[in-house]
Amino acid sequence: MMRGRRRLLVAVGAATFATAFAATGVAGTAQARTAVPVGVVTTGTALPALPALPALPASSALPALTARGAVPARATGYPAFTAPGKTLKLGVKGSAVKALQARLKELGYVPGSVDGRYGGATLTAVWAFQKVQGITPTSTVAARTWRALENPRAPKVLVPRGKATRVEVNLTKQVMVLYRGGAPVLISHISSGSGIPYTEYATWNGKRQRFSGSARTPTGDYKTTWRVKGWHRSYLGQLYNPIFFNGGIALHGALSVPLYPASHGCVRLPMNVAEMLPGMLGKGVPVHVRGAFRR
C-alpha cells in the first residue's frame, strides 16, 4: 500500500513539473548541466529524486519584465541587440548607421544595403519600424527608437487565422506585412489611397479621356493575380513592378511614398521593397486589407 502511494506521488510530481516546464515554451533538448532533484516527503521518508532535467540555456532563459513592462527581445524570439545610442539624422554615415541597418534587416524591415549610409531606403524602413512600435515616424533615430530596437514588438496580426503565407495591409498604420510560414518576413512603409475624389485627364487608347474616382483602397480579402515586371503605364500614372490583387489595384513601387495616403487607390511601396517583393510573393496569395487612416 505504501509502495503504491509513493509511486503515485512521484508520478504526480513528475507530471506537474513537466507541465510547468513545458509552459515556458522551451524544448528540453539541451544537454543537462544542473540536476533538479524533486523529493516528496511522506511519513518522514523522502521519495526517490526524479531524473535530472536539462537546464535552460542562457539564450533561452525567460527574462524578467523591464521597468517599462516590455519583454526583452530574446523573450519574443528576436536576437539580442545593444543600441549604439547615438542620435542619427538623415544623411549621416558611420558604424552606428550600419548597426541600425543591420538590426532593421534582422527584424524584417528593408533598409537597403547595410553600408553605413542613412539614405532614403533606410529612412522608409525606420518609418515602418517606428509605426509598428507606436512611435510617431520621424527621420531622427534617438533614444526611444533605439530602446524599441532593443526590445521590439511584432506587427499587429490583422487576420489571426489567416494562411501561413499572406499579405496584410494595415491602412490605419500605413504598413504592409508579408507573412511566410506564419512569421513576418517583410515589413514595409506604404502609402495607400488618399480618399480624396479625383478627376484627371490622360491620353488612353489613342484619345484624351476623363477619369474620375474616389482614390480609396477598399478593405477586404483578395488574392494576388497578374503582375508586370518593371515600369507599367496605367491611365493614372506609372507603377513599378505592380502585383495586382483587386482589379486595377496593386502593390507597386513608386518614386513618392509619403507619410500619408496619397495614391489613387493602389498600395505604394518604396522602390527597394518593390524590387524584391515579386521574388517573395507568388500568384494566388491572400491579401487582407484592414483599417482606415485618420488624418
# chains A, B, ... in the order shown; residues from 1 in each chain; ligands from 1
$ residues_around --residues "Lys229 of chain A" --least-positions-apart "3" --cutoff "9 Å" --atoms "only C-alpha atoms" --output "PDB file with all heavy atoms, in the first residue's frame"
ATOM      1  N   HIS A 232       5.135  49.919 -65.432  1.00  0.00           N
ATOM      2  CA  HIS A 232       3.866  49.663 -66.126  1.00  0.00           C
ATOM      3  C   HIS A 232       3.095  50.978 -66.173  1.00  0.00           C
ATOM      4  O   HIS A 232       2.859  51.615 -65.146  1.00  0.00           O
ATOM      5  CB  HIS A 232       3.062  48.607 -65.366  1.00  0.00           C
ATOM      6  CG  HIS A 232       1.654  48.447 -65.861  1.00  0.00           C
ATOM      7  ND1 HIS A 232       1.351  47.955 -67.121  1.00  0.00           N
ATOM      8  CD2 HIS A 232       0.451  48.729 -65.258  1.00  0.00           C
ATOM      9  CE1 HIS A 232       0.033  47.925 -67.273  1.00  0.00           C
ATOM     10  NE2 HIS A 232      -0.531  48.392 -66.165  1.00  0.00           N
ATOM     11  N   TYR A 240       5.677  50.671 -60.614  1.00  0.00           N
ATOM     12  CA  TYR A 240       6.886  49.859 -60.744  1.00  0.00           C
ATOM     13  C   TYR A 240       6.659  48.467 -60.152  1.00  0.00           C
ATOM     14  O   TYR A 240       6.236  48.315 -59.003  1.00  0.00           O
ATOM     15  CB  TYR A 240       8.075  50.524 -60.044  1.00  0.00           C
ATOM     16  CG  TYR A 240       9.359  49.761 -60.226  1.00  0.00           C
ATOM     17  CD1 TYR A 240       9.985  49.702 -61.464  1.00  0.00           C
ATOM     18  CD2 TYR A 240       9.938  49.066 -59.160  1.00  0.00           C
ATOM     19  CE1 TYR A 240      11.162  48.986 -61.655  1.00  0.00           C
ATOM     20  CE2 TYR A 240      11.112  48.347 -59.333  1.00  0.00           C
ATOM     21  CZ  TYR A 240      11.712  48.308 -60.581  1.00  0.00           C
ATOM     22  OH  TYR A 240      12.869  47.590 -60.776  1.00  0.00           O
ATOM     23  N   ASN A 241       6.919  47.425 -60.945  1.00  0.00           N
ATOM     24  CA  ASN A 241       6.745  46.033 -60.528  1.00  0.00           C
ATOM     25  C   ASN A 241       5.382  45.797 -59.856  1.00  0.00           C
ATOM     26  O   ASN A 241       5.307  45.222 -58.761  1.00  0.00           O
ATOM     27  CB  ASN A 241       7.851  45.607 -59.560  1.00  0.00           C
ATOM     28  CG  ASN A 241       9.138  45.209 -60.266  1.00  0.00           C
ATOM     29  OD1 ASN A 241       9.193  45.189 -61.496  1.00  0.00           O
ATOM     30  ND2 ASN A 241      10.164  44.884 -59.504  1.00  0.00           N
ATOM     31  N   PRO A 242       4.297  46.214 -60.493  1.00  0.00           N
ATOM     32  CA  PRO A 242       2.991  46.059 -59.839  1.00  0.00           C
ATOM     33  C   PRO A 242       2.566  44.600 -59.692  1.00  0.00           C
ATOM     34  O   PRO A 242       2.785  43.784 -60.594  1.00  0.00           O
ATOM     35  CB  PRO A 242       2.043  46.807 -60.782  1.00  0.00           C
ATOM     36  CG  PRO A 242       2.697  46.711 -62.122  1.00  0.00           C
ATOM     37  CD  PRO A 242       4.180  46.790 -61.851  1.00  0.00           C
ATOM     38  N   PRO A 278       8.388  40.894 -55.702  1.00  0.00           N
ATOM     39  CA  PRO A 278       7.920  39.870 -56.652  1.00  0.00           C
ATOM     40  C   PRO A 278       8.594  38.517 -56.470  1.00  0.00           C
ATOM     41  O   PRO A 278       7.980  37.479 -56.723  1.00  0.00           O
ATOM     42  CB  PRO A 278       8.244  40.480 -58.014  1.00  0.00           C
ATOM     43  CG  PRO A 278       8.210  41.952 -57.781  1.00  0.00           C
ATOM     44  CD  PRO A 278       8.792  42.129 -56.418  1.00  0.00           C
TER      45      PRO A 278
END
$ select_by_dssp --residues "segment 134-243 of chain A" --states "helix (DSSP H, G or I)" --output "PyMOL selection string"
chain A and resi 143-150
$ write_last_selection --atoms "C-alpha atoms" --output "CSV table (one decimal), in the first residue's frame"
chain,number,residue,atom,x,y,z
A,143,ALA,CA,16.6,57.2,-27.5
A,144,ARG,CA,13.0,56.0,-27.9
A,145,THR,CA,13.7,54.3,-31.3
A,146,TRP,CA,16.9,52.8,-30.0
A,147,ARG,CA,15.1,51.3,-27.0
A,148,ALA,CA,12.4,49.9,-29.3
A,149,LEU,CA,15.1,48.3,-31.4
A,150,GLU,CA,16.5,46.6,-28.3
$ atom_distance --atom1 "atom CA of Tyr118 of chain A" --atom2 "atom CA of Leu178 of chain A"
24.3 Å
$ closest_residue --among "A:Pro197, A:Pro152, A:Gly119, A:Pro258" --to "Ala80 of chain A" --atoms "only C-alpha atoms"
A:Pro152
$ residues_around --residues "Phe244 of chain A" --least-positions-apart "3" --cutoff "8 Å" --atoms "only C-alpha atoms" --output "PyMOL selection string"
chain A and resi 224-227+247-251
$ select_by_dssp --residues "segment 206-290 of chain A" --states "strand (DSSP E)" --output "MDAnalysis selection string"
chainID A and resid 207:213 220:223 231:234 237:246 249:253 267:269 286:290
